[in-house]
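Written below as structure tokens is the structure these notes are about.
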Amino acid sequence: MESSSVDKLSALINELPKQPWYGADLYNWKGFWYRPHHLSSTMAASSNFQAKDDDVILTSSMKTGTTWMKAIIPTIMNPVGRTDDDSLDPLLKHHPNELIPSLEIQVYSVNPHPDLSNMVSPRLFRTHMAYPLLPESIKTSGCKIVYITRDPKDTFVSTCHFMNSVIAARGVEPWPMSEAFESFGKGVHTFGPFHDHVLGYWKESLKRPEKICFMRYEDMKKDPKGEVKKLACFLGRPFEKDQEVEKVVWRCSLERLKNLKMNQHGVDPWLGIDYKHYFRRGIVGIGRTTSLMR
Ligand code: PAP
């Protein structure tokens, strides 16, 4: 970015409301909270990204089951995902983050006008942007949006574990859960407020169910085959045989992914975060128990 643009951005950031969060500051832009290094790329993606009619965009607030979807969507869309030959499965060599690039964390993080002309269609992207911040072309083109959400208490607990692991690797003490809870309750967490995020997509999915597939982590846990079948139909890639669905569900299961070498030992080059932190217990209802920090 040119130095004048950097100066303008710093000046803008300095004027935004600010709150502490896990040892850093979050800034509120257009009603949603961002870390400063995600802010410029979010602004660039929001104004510059041009969606194509056959794009698929995975959207979510954080820690709601996105990684599961990052595995499932490419597996459904790629014909290899349905074959019997497990040795061809891209998930063997790639963490799900690598299979479906993030607009704000990867695509727009270095260049506000990246050249996407070499990407093969149908292109798959993900974003944590709330509905009002989405690039206009995502809303108006024929592209499909898949939104995943989760019980807020479970989302909160998952966020605590993830963020405390991330800051521990940098030598920072864990943030006390009571303070993190108060902050989450006020809607202050990256990409939050959680309820505004969920409601934005929920309301739009009611108006345009053919455009937005609204999914819940709990439904996925209860009936993964049924939900994956529905998702595949929504994406225009229905399954012909039951074995194909079983294959996708198994390939993308937490048990399998968390034990793959790549996910146990790899590091996300964009965020510097160990891939293992994306896979934990995946339990429904953990936020309602008294043993939150297990
Ligand atoms: P992100 O927003 O950083 O991408 P995200 O994947 O949405 O994170 O959330 C991580 C949660 O999804 C973790 O939940 P937990 O902390 O309650 O355990 C993680 O375990 C769970 N998760 C990751 N992959 C899968 C999967 N394949 N199946 C089920 N749950 C998964």
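Labels for the structure tokens follow display order: chains A, B, ..., residues from 1 in each chain, ligands from 1.
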key: Contacts of Gly282 of chain A at 10 Å (only C-alpha atoms; same-chain gap of 2+ positions) as a list of chain:residue names   = A:Thr64, A:Gly65, A:Trp68, A:Asp154, A:Ser158, A:Tyr217, A:Glu218, A:Lys221, A:Leu254, A:Glu255, A:Phe279, A:Arg280, A:Val284, A:Gly285, A:Ile286
Can you write just those residues out, N, CA, C and O atoms, as a compact mmCIF listing (two decimals), in the first residue's frame?
```
# COMPACT_ATOMS: atom_id res chain seq x y z
N THR A 64 -17.73 -20.97 14.88
CA THR A 64 -19.08 -21.51 14.79
C THR A 64 -19.14 -22.79 13.95
O THR A 64 -20.24 -23.25 13.62
N GLY A 65 -17.98 -23.32 13.58
CA GLY A 65 -17.96 -24.53 12.75
C GLY A 65 -17.47 -24.25 11.34
O GLY A 65 -17.66 -25.07 10.43
N TRP A 68 -15.12 -26.88 9.68
CA TRP A 68 -15.88 -28.05 9.20
C TRP A 68 -16.40 -27.77 7.78
O TRP A 68 -16.24 -28.57 6.86
N ASP A 154 -21.55 -22.01 23.32
CA ASP A 154 -20.49 -22.89 22.82
C ASP A 154 -19.47 -22.10 21.98
O ASP A 154 -18.27 -22.37 22.03
N SER A 158 -15.50 -21.88 22.79
CA SER A 158 -14.54 -22.23 21.74
C SER A 158 -13.59 -21.06 21.47
O SER A 158 -12.37 -21.25 21.31
N TYR A 217 -24.43 -25.50 13.49
CA TYR A 217 -23.46 -26.51 13.94
C TYR A 217 -24.19 -27.68 14.59
O TYR A 217 -23.88 -28.84 14.35
N GLU A 218 -25.20 -27.35 15.41
CA GLU A 218 -25.92 -28.39 16.16
C GLU A 218 -26.65 -29.34 15.21
O GLU A 218 -26.69 -30.55 15.46
N LYS A 221 -24.13 -31.68 13.74
CA LYS A 221 -23.70 -32.74 14.67
C LYS A 221 -24.78 -33.81 14.77
O LYS A 221 -24.47 -35.00 14.89
N LEU A 254 -14.26 -34.42 12.38
CA LEU A 254 -13.29 -33.89 13.34
C LEU A 254 -12.26 -34.96 13.70
O LEU A 254 -11.06 -34.70 13.75
N GLU A 255 -12.76 -36.18 13.94
CA GLU A 255 -11.88 -37.28 14.36
C GLU A 255 -10.79 -37.51 13.31
O GLU A 255 -9.62 -37.70 13.64
N PHE A 279 -8.89 -27.51 15.76
CA PHE A 279 -9.61 -28.76 16.03
C PHE A 279 -9.54 -29.05 17.51
O PHE A 279 -8.45 -29.25 18.05
N ARG A 280 -10.69 -29.09 18.18
CA ARG A 280 -10.65 -29.35 19.62
C ARG A 280 -11.64 -30.46 19.92
O ARG A 280 -11.50 -31.56 19.43
N VAL A 284 -21.46 -30.25 21.53
CA VAL A 284 -22.63 -29.38 21.62
C VAL A 284 -23.04 -29.26 23.09
O VAL A 284 -23.12 -30.28 23.78
N GLY A 285 -23.27 -28.04 23.58
CA GLY A 285 -23.76 -27.85 24.94
C GLY A 285 -22.67 -27.64 25.96
O GLY A 285 -22.95 -27.51 27.15
N ILE A 286 -21.39 -27.54 25.54
CA ILE A 286 -20.29 -27.38 26.49
C ILE A 286 -20.41 -26.05 27.24
O ILE A 286 -20.04 -25.94 28.41
```
task = Enumerate as an NGL selection string the residues within 9 Å of ligand 1, counting only C-alpha atoms and all ligand atoms.
result = :A and (60-72 or 96-97 or 128 or 148-150 or 154-162 or 217 or 220-221 or 249 or 251-258 or 277-284 or 286-287)
task = Write out as a ChimeraX atom specification each polymer residue whose atoms come within 12 Å of Phe32 of chain A, counting only C-alpha atoms; drop sequence neighbours fewer than 2 positions from it.
result = /A:16-19,26-30,34-35,38-39,42,61,128-133,186-197,200
With N, CA, C and O atoms kept, could you save the residues just selected as a short mmCIF file (atom, residue, chain, number, x, y, z; two decimals), in the first residue's frame?
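File produced: result_27.cif:
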```
data_model
loop_
_atom_site.label_atom_id
_atom_site.label_comp_id
_atom_site.auth_asym_id
_atom_site.auth_seq_id
_atom_site.Cartn_x
_atom_site.Cartn_y
_atom_site.Cartn_z
N LEU A 16 -11.83 5.45 15.11
CA LEU A 16 -12.86 4.43 15.35
C LEU A 16 -12.95 4.08 16.85
O LEU A 16 -11.93 4.12 17.55
N PRO A 17 -14.17 3.69 17.31
CA PRO A 17 -14.27 3.22 18.70
C PRO A 17 -13.36 2.01 18.91
O PRO A 17 -13.22 1.17 18.02
N LYS A 18 -12.76 1.93 20.11
CA LYS A 18 -11.74 0.91 20.38
C LYS A 18 -12.05 0.19 21.69
O LYS A 18 -12.52 0.83 22.63
N GLN A 19 -11.80 -1.11 21.75
CA GLN A 19 -11.99 -1.87 23.00
C GLN A 19 -10.89 -2.92 23.10
O GLN A 19 -10.46 -3.47 22.09
N LEU A 26 -9.49 -3.99 19.55
CA LEU A 26 -10.44 -4.17 18.45
C LEU A 26 -11.01 -2.81 18.10
O LEU A 26 -11.19 -1.96 18.98
N TYR A 27 -11.32 -2.63 16.82
CA TYR A 27 -11.88 -1.36 16.34
C TYR A 27 -13.24 -1.62 15.71
O TYR A 27 -13.42 -2.62 15.00
N ASN A 28 -14.18 -0.70 15.99
CA ASN A 28 -15.53 -0.89 15.45
C ASN A 28 -15.69 -0.11 14.15
O ASN A 28 -15.63 1.11 14.13
N TRP A 29 -15.88 -0.88 13.07
CA TRP A 29 -16.10 -0.27 11.75
C TRP A 29 -17.49 -0.66 11.26
O TRP A 29 -17.80 -1.85 11.18
N LYS A 30 -18.32 0.33 11.02
CA LYS A 30 -19.69 0.12 10.54
C LYS A 30 -20.47 -0.87 11.39
O LYS A 30 -21.17 -1.75 10.88
N TYR A 34 -13.23 -5.32 14.64
CA TYR A 34 -12.11 -5.87 13.86
C TYR A 34 -10.77 -5.64 14.52
O TYR A 34 -10.57 -4.60 15.16
N ARG A 35 -9.85 -6.60 14.30
CA ARG A 35 -8.46 -6.32 14.66
C ARG A 35 -7.89 -5.43 13.55
O ARG A 35 -8.31 -5.55 12.39
N HIS A 38 -6.95 -6.81 10.17
CA HIS A 38 -8.02 -7.32 9.29
C HIS A 38 -8.85 -6.18 8.69
O HIS A 38 -9.61 -6.41 7.76
N LEU A 39 -8.66 -5.00 9.27
CA LEU A 39 -9.55 -3.90 8.90
C LEU A 39 -9.31 -3.41 7.47
O LEU A 39 -10.25 -3.28 6.68
N THR A 42 -10.44 -5.96 5.00
CA THR A 42 -11.91 -6.06 4.97
C THR A 42 -12.48 -4.90 4.17
O THR A 42 -13.39 -5.08 3.34
N SER A 61 -19.55 -15.97 11.72
CA SER A 61 -18.84 -15.26 12.76
C SER A 61 -17.73 -16.25 13.18
O SER A 61 -17.66 -17.33 12.63
N HIS A 128 -15.49 -13.63 7.21
CA HIS A 128 -16.19 -13.45 8.48
C HIS A 128 -16.98 -12.13 8.45
O HIS A 128 -17.50 -11.71 9.48
N MET A 129 -17.04 -11.48 7.29
CA MET A 129 -17.77 -10.20 7.21
C MET A 129 -19.25 -10.39 7.53
O MET A 129 -19.87 -11.35 7.04
N ALA A 130 -19.79 -9.43 8.28
CA ALA A 130 -21.23 -9.45 8.54
C ALA A 130 -21.98 -9.11 7.25
O ALA A 130 -21.40 -8.50 6.34
N TYR A 131 -23.27 -9.46 7.19
CA TYR A 131 -24.02 -9.27 5.94
C TYR A 131 -23.97 -7.82 5.43
O TYR A 131 -23.70 -7.61 4.24
N PRO A 132 -24.17 -6.81 6.29
CA PRO A 132 -24.18 -5.44 5.75
C PRO A 132 -22.84 -5.04 5.13
O PRO A 132 -22.80 -4.15 4.28
N LEU A 133 -21.74 -5.66 5.55
CA LEU A 133 -20.43 -5.28 5.03
C LEU A 133 -20.03 -6.05 3.77
O LEU A 133 -19.02 -5.74 3.15
N LYS A 186 -21.31 -8.01 25.47
CA LYS A 186 -21.51 -6.66 24.92
C LYS A 186 -21.32 -6.65 23.40
O LYS A 186 -21.40 -5.60 22.76
N GLY A 187 -21.01 -7.81 22.86
CA GLY A 187 -20.83 -7.89 21.40
C GLY A 187 -19.43 -7.56 20.94
O GLY A 187 -19.17 -7.47 19.74
N VAL A 188 -18.50 -7.37 21.92
CA VAL A 188 -17.14 -6.99 21.55
C VAL A 188 -16.27 -8.25 21.42
O VAL A 188 -15.84 -8.83 22.41
N HIS A 189 -16.08 -8.68 20.20
CA HIS A 189 -15.17 -9.79 19.86
C HIS A 189 -14.98 -9.71 18.36
O HIS A 189 -15.81 -9.10 17.67
N THR A 190 -13.90 -10.29 17.84
CA THR A 190 -13.67 -10.09 16.40
C THR A 190 -14.88 -10.55 15.60
O THR A 190 -15.45 -11.61 15.86
N PHE A 191 -15.25 -9.73 14.67
CA PHE A 191 -16.37 -9.92 13.72
C PHE A 191 -17.74 -9.78 14.39
O PHE A 191 -18.76 -9.93 13.75
N GLY A 192 -17.77 -9.56 15.74
CA GLY A 192 -19.04 -9.40 16.43
C GLY A 192 -19.61 -8.02 16.25
O GLY A 192 -18.99 -7.18 15.58
N PRO A 193 -20.77 -7.74 16.84
CA PRO A 193 -21.55 -8.54 17.78
C PRO A 193 -22.14 -9.80 17.13
O PRO A 193 -22.69 -9.76 16.03
N PHE A 194 -22.04 -10.90 17.91
CA PHE A 194 -22.48 -12.21 17.43
C PHE A 194 -23.94 -12.17 16.95
O PHE A 194 -24.27 -12.63 15.86
N HIS A 195 -24.82 -11.61 17.80
CA HIS A 195 -26.25 -11.66 17.45
C HIS A 195 -26.56 -10.86 16.19
O HIS A 195 -27.36 -11.29 15.36
N ASP A 196 -25.91 -9.70 16.02
CA ASP A 196 -26.14 -8.91 14.80
C ASP A 196 -25.65 -9.68 13.58
O ASP A 196 -26.27 -9.64 12.51
N HIS A 197 -24.51 -10.37 13.76
CA HIS A 197 -23.94 -11.15 12.66
C HIS A 197 -24.94 -12.23 12.22
O HIS A 197 -25.29 -12.34 11.04
N GLY A 200 -28.33 -10.83 10.72
CA GLY A 200 -28.19 -10.28 9.36
C GLY A 200 -28.37 -11.37 8.32
O GLY A 200 -29.14 -11.24 7.36
#
```
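Atom to atom, atom CA of Ala169 of chain A and atom CA of Gly266 of chain A stand 14.4 Å apart.
Of the listed residues (A:Ala168, A:Met43, A:Leu92, A:Met77), A:Leu92 comes nearest to Met262 of chain A; the distances count only C-alpha atoms.
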request  = Can you pull out every residue within 9 Å of Glu244 of chain A, counting only C-alpha atoms, but drop anything in the same chain fewer than 5 positions away, and send it as a PyMOL selection string?
outcome  = chain A and resi 81-84+239+249
Given the selection you just returned, output its residues as a file containing all heavy atoms, formatted as a compact mmCIF listing (two decimals), in the first residue's frame.
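Generated file (result_13.txt):
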```
# COMPACT_ATOMS: atom_id res chain seq x y z
N GLY A 81 -13.76 -35.45 -4.37
CA GLY A 81 -14.34 -35.65 -3.04
C GLY A 81 -15.28 -36.83 -2.96
O GLY A 81 -15.56 -37.33 -1.88
N ARG A 82 -15.79 -37.28 -4.10
CA ARG A 82 -16.77 -38.37 -4.09
C ARG A 82 -16.18 -39.71 -4.52
O ARG A 82 -16.87 -40.71 -4.55
CB ARG A 82 -17.92 -38.05 -5.05
CG ARG A 82 -18.68 -36.85 -4.58
CD ARG A 82 -19.47 -36.23 -5.71
NE ARG A 82 -19.94 -34.92 -5.26
CZ ARG A 82 -21.20 -34.54 -5.28
NH1 ARG A 82 -22.11 -35.33 -5.77
NH2 ARG A 82 -21.53 -33.35 -4.84
N THR A 83 -14.91 -39.71 -4.92
CA THR A 83 -14.32 -40.96 -5.40
C THR A 83 -13.93 -41.85 -4.22
O THR A 83 -13.80 -41.38 -3.09
CB THR A 83 -13.06 -40.69 -6.24
OG1 THR A 83 -12.15 -39.97 -5.41
CG2 THR A 83 -13.38 -39.90 -7.49
N ASP A 84 -13.72 -43.13 -4.53
CA ASP A 84 -13.34 -44.07 -3.48
C ASP A 84 -11.89 -43.93 -3.06
O ASP A 84 -11.50 -44.34 -1.99
CB ASP A 84 -13.57 -45.51 -3.96
CG ASP A 84 -15.05 -45.85 -3.83
OD1 ASP A 84 -15.71 -45.18 -3.01
OD2 ASP A 84 -15.51 -46.74 -4.55
N PHE A 239 -25.98 -35.61 -4.50
CA PHE A 239 -25.30 -36.91 -4.51
C PHE A 239 -26.16 -37.94 -5.24
O PHE A 239 -27.38 -37.89 -5.19
CB PHE A 239 -25.07 -37.40 -3.08
CG PHE A 239 -24.09 -36.55 -2.33
CD1 PHE A 239 -24.53 -35.62 -1.41
CD2 PHE A 239 -22.73 -36.69 -2.54
CE1 PHE A 239 -23.63 -34.82 -0.71
CE2 PHE A 239 -21.81 -35.90 -1.85
CZ PHE A 239 -22.27 -34.97 -0.93
N VAL A 249 -18.80 -37.04 4.59
CA VAL A 249 -18.94 -36.86 6.05
C VAL A 249 -17.71 -37.41 6.77
O VAL A 249 -17.15 -36.78 7.66
CB VAL A 249 -20.25 -37.51 6.55
CG1 VAL A 249 -20.29 -37.56 8.07
CG2 VAL A 249 -21.47 -36.75 6.01
```
query = Interatomic distance between atom CA of Lys225 of chain A and atom CA of Thr75 of chain A?
reply =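 Atom CA of Thr75 of chain A lies 13.7 Å from atom CA of Lys225 of chain A.
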Shell around Lys211 of chain A at 9 Å using only C-alpha atoms, local window under 5 positions removed, as a count of residues only = 9
request  = Kindly give the distance, in Å, that separates atom CA of Gly23 of chain A and atom CA of Arg126 of chain A, rounded to a single decimal.
outcome  =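 Atom CA of Arg126 of chain A lies 26.1 Å from atom CA of Gly23 of chain A.
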9 Å contact set for Pro238 of chain A, only C-alpha atoms, chain neighbours under 5 positions out, as a list in words =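 The neighbour list is Ile76, Lys229, Lys230, Leu231, Ala232 and Cys233 of chain A.
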key: strand (DSSP E) positions in segment 121-211 of chain A, given as a list in words   =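 After running DSSP on the backbone, segment 121-211 of chain A has strand (DSSP E) at Leu124, Phe125, Arg126, Thr127, Lys144, Ile145, Val146, Tyr147, Ile148 and Thr149 of chain A.
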How would you write, as a PDB file with C-alpha atoms, in the first residue's frame, the set of residues in segment 79-239 of chain A that DSSP gives as helix (DSSP H, G or I)?
```
ATOM      1  CA  PRO A  79     -15.384 -34.421  -8.080  1.00  0.00           C
ATOM      2  CA  VAL A  80     -12.415 -36.065  -6.309  1.00  0.00           C
ATOM      3  CA  GLY A  81     -14.337 -35.650  -3.038  1.00  0.00           C
ATOM      4  CA  ARG A  82     -16.773 -38.373  -4.090  1.00  0.00           C
ATOM      5  CA  ASP A  86      -8.803 -41.632  -0.397  1.00  0.00           C
ATOM      6  CA  SER A  87      -5.201 -41.044  -1.432  1.00  0.00           C
ATOM      7  CA  LEU A  88      -6.359 -38.233  -3.769  1.00  0.00           C
ATOM      8  CA  PRO A  90      -6.715 -32.749  -0.861  1.00  0.00           C
ATOM      9  CA  LEU A  91      -7.442 -32.705   2.887  1.00  0.00           C
ATOM     10  CA  LEU A  92      -4.556 -35.123   3.371  1.00  0.00           C
ATOM     11  CA  PRO A  96      -9.126 -26.626   5.261  1.00  0.00           C
ATOM     12  CA  ASN A  97      -7.960 -22.970   5.497  1.00  0.00           C
ATOM     13  CA  GLU A  98      -5.933 -23.589   2.335  1.00  0.00           C
ATOM     14  CA  LEU A  99      -8.812 -25.012   0.303  1.00  0.00           C
ATOM     15  CA  LEU A 103     -11.171 -12.603   1.501  1.00  0.00           C
ATOM     16  CA  GLU A 104      -9.880 -10.568   4.447  1.00  0.00           C
ATOM     17  CA  ILE A 105      -7.159 -12.863   5.803  1.00  0.00           C
ATOM     18  CA  GLN A 106      -5.652 -14.057   2.524  1.00  0.00           C
ATOM     19  CA  VAL A 107      -6.965 -12.609  -0.751  1.00  0.00           C
ATOM     20  CA  TYR A 131     -24.021  -9.266   5.943  1.00  0.00           C
ATOM     21  CA  PRO A 132     -24.183  -5.444   5.748  1.00  0.00           C
ATOM     22  CA  LEU A 133     -20.425  -5.279   5.028  1.00  0.00           C
ATOM     23  CA  GLU A 136     -22.310  -5.487  -3.165  1.00  0.00           C
ATOM     24  CA  SER A 137     -21.550  -7.985  -5.949  1.00  0.00           C
ATOM     25  CA  ILE A 138     -21.898 -10.908  -3.523  1.00  0.00           C
ATOM     26  CA  LYS A 139     -25.394  -9.694  -2.648  1.00  0.00           C
ATOM     27  CA  THR A 140     -26.517  -8.944  -6.182  1.00  0.00           C
ATOM     28  CA  PRO A 152     -23.481 -18.568  21.328  1.00  0.00           C
ATOM     29  CA  LYS A 153     -22.389 -20.143  24.637  1.00  0.00           C
ATOM     30  CA  ASP A 154     -20.487 -22.891  22.816  1.00  0.00           C
ATOM     31  CA  THR A 155     -19.088 -20.297  20.419  1.00  0.00           C
ATOM     32  CA  PHE A 156     -17.888 -18.243  23.382  1.00  0.00           C
ATOM     33  CA  VAL A 157     -16.153 -21.222  25.025  1.00  0.00           C
ATOM     34  CA  SER A 158     -14.538 -22.232  21.739  1.00  0.00           C
ATOM     35  CA  THR A 159     -13.318 -18.657  21.209  1.00  0.00           C
ATOM     36  CA  CYS A 160     -11.792 -18.564  24.720  1.00  0.00           C
ATOM     37  CA  HIS A 161      -9.821 -21.753  24.131  1.00  0.00           C
ATOM     38  CA  PHE A 162      -8.657 -20.661  20.696  1.00  0.00           C
ATOM     39  CA  MET A 163      -7.660 -17.123  21.646  1.00  0.00           C
ATOM     40  CA  ASN A 164      -5.924 -18.169  24.860  1.00  0.00           C
ATOM     41  CA  SER A 165      -3.920 -20.774  22.907  1.00  0.00           C
ATOM     42  CA  VAL A 166      -3.011 -18.171  20.298  1.00  0.00           C
ATOM     43  CA  ILE A 167      -1.848 -15.569  22.836  1.00  0.00           C
ATOM     44  CA  ALA A 168      -0.082 -18.207  24.985  1.00  0.00           C
ATOM     45  CA  MET A 177     -12.946 -15.783  31.457  1.00  0.00           C
ATOM     46  CA  SER A 178     -15.162 -13.365  33.385  1.00  0.00           C
ATOM     47  CA  GLU A 179     -13.767 -10.406  31.397  1.00  0.00           C
ATOM     48  CA  ALA A 180     -13.982 -12.284  28.107  1.00  0.00           C
ATOM     49  CA  PHE A 181     -17.585 -13.211  28.929  1.00  0.00           C
ATOM     50  CA  GLU A 182     -18.541  -9.633  29.693  1.00  0.00           C
ATOM     51  CA  SER A 183     -16.939  -8.515  26.443  1.00  0.00           C
ATOM     52  CA  PHE A 184     -18.729 -11.213  24.408  1.00  0.00           C
ATOM     53  CA  GLY A 185     -22.022 -10.254  26.052  1.00  0.00           C
ATOM     54  CA  PHE A 194     -22.484 -12.206  17.429  1.00  0.00           C
ATOM     55  CA  HIS A 195     -26.247 -11.664  17.449  1.00  0.00           C
ATOM     56  CA  ASP A 196     -26.135  -8.910  14.804  1.00  0.00           C
ATOM     57  CA  HIS A 197     -23.939 -11.153  12.661  1.00  0.00           C
ATOM     58  CA  VAL A 198     -26.326 -14.102  12.890  1.00  0.00           C
ATOM     59  CA  LEU A 199     -29.490 -12.016  12.483  1.00  0.00           C
ATOM     60  CA  GLY A 200     -28.193 -10.276   9.359  1.00  0.00           C
ATOM     61  CA  TYR A 201     -27.745 -13.577   7.527  1.00  0.00           C
ATOM     62  CA  TRP A 202     -30.818 -15.207   9.106  1.00  0.00           C
ATOM     63  CA  LYS A 203     -33.179 -12.448   7.952  1.00  0.00           C
ATOM     64  CA  GLU A 204     -31.700 -12.442   4.468  1.00  0.00           C
ATOM     65  CA  SER A 205     -31.872 -16.254   4.228  1.00  0.00           C
ATOM     66  CA  LEU A 206     -35.610 -16.098   4.982  1.00  0.00           C
ATOM     67  CA  LYS A 207     -36.088 -13.651   2.116  1.00  0.00           C
ATOM     68  CA  TYR A 217     -23.464 -26.510  13.938  1.00  0.00           C
ATOM     69  CA  GLU A 218     -25.920 -28.391  16.161  1.00  0.00           C
ATOM     70  CA  ASP A 219     -27.913 -29.665  13.143  1.00  0.00           C
ATOM     71  CA  MET A 220     -24.661 -30.797  11.527  1.00  0.00           C
ATOM     72  CA  LYS A 221     -23.703 -32.736  14.671  1.00  0.00           C
ATOM     73  CA  LYS A 222     -27.164 -34.325  14.941  1.00  0.00           C
ATOM     74  CA  PRO A 224     -24.379 -34.804   9.338  1.00  0.00           C
ATOM     75  CA  LYS A 225     -25.528 -36.930   6.396  1.00  0.00           C
ATOM     76  CA  GLY A 226     -28.864 -35.146   6.091  1.00  0.00           C
ATOM     77  CA  GLU A 227     -27.284 -31.695   6.364  1.00  0.00           C
ATOM     78  CA  VAL A 228     -24.500 -32.481   3.881  1.00  0.00           C
ATOM     79  CA  LYS A 229     -27.097 -33.804   1.421  1.00  0.00           C
ATOM     80  CA  LYS A 230     -29.131 -30.593   1.765  1.00  0.00           C
ATOM     81  CA  LEU A 231     -26.007 -28.505   1.304  1.00  0.00           C
ATOM     82  CA  ALA A 232     -24.960 -30.437  -1.805  1.00  0.00           C
ATOM     83  CA  CYS A 233     -28.427 -29.868  -3.348  1.00  0.00           C
ATOM     84  CA  PHE A 234     -28.224 -26.155  -2.503  1.00  0.00           C
TER      85      PHE A 234
END
```
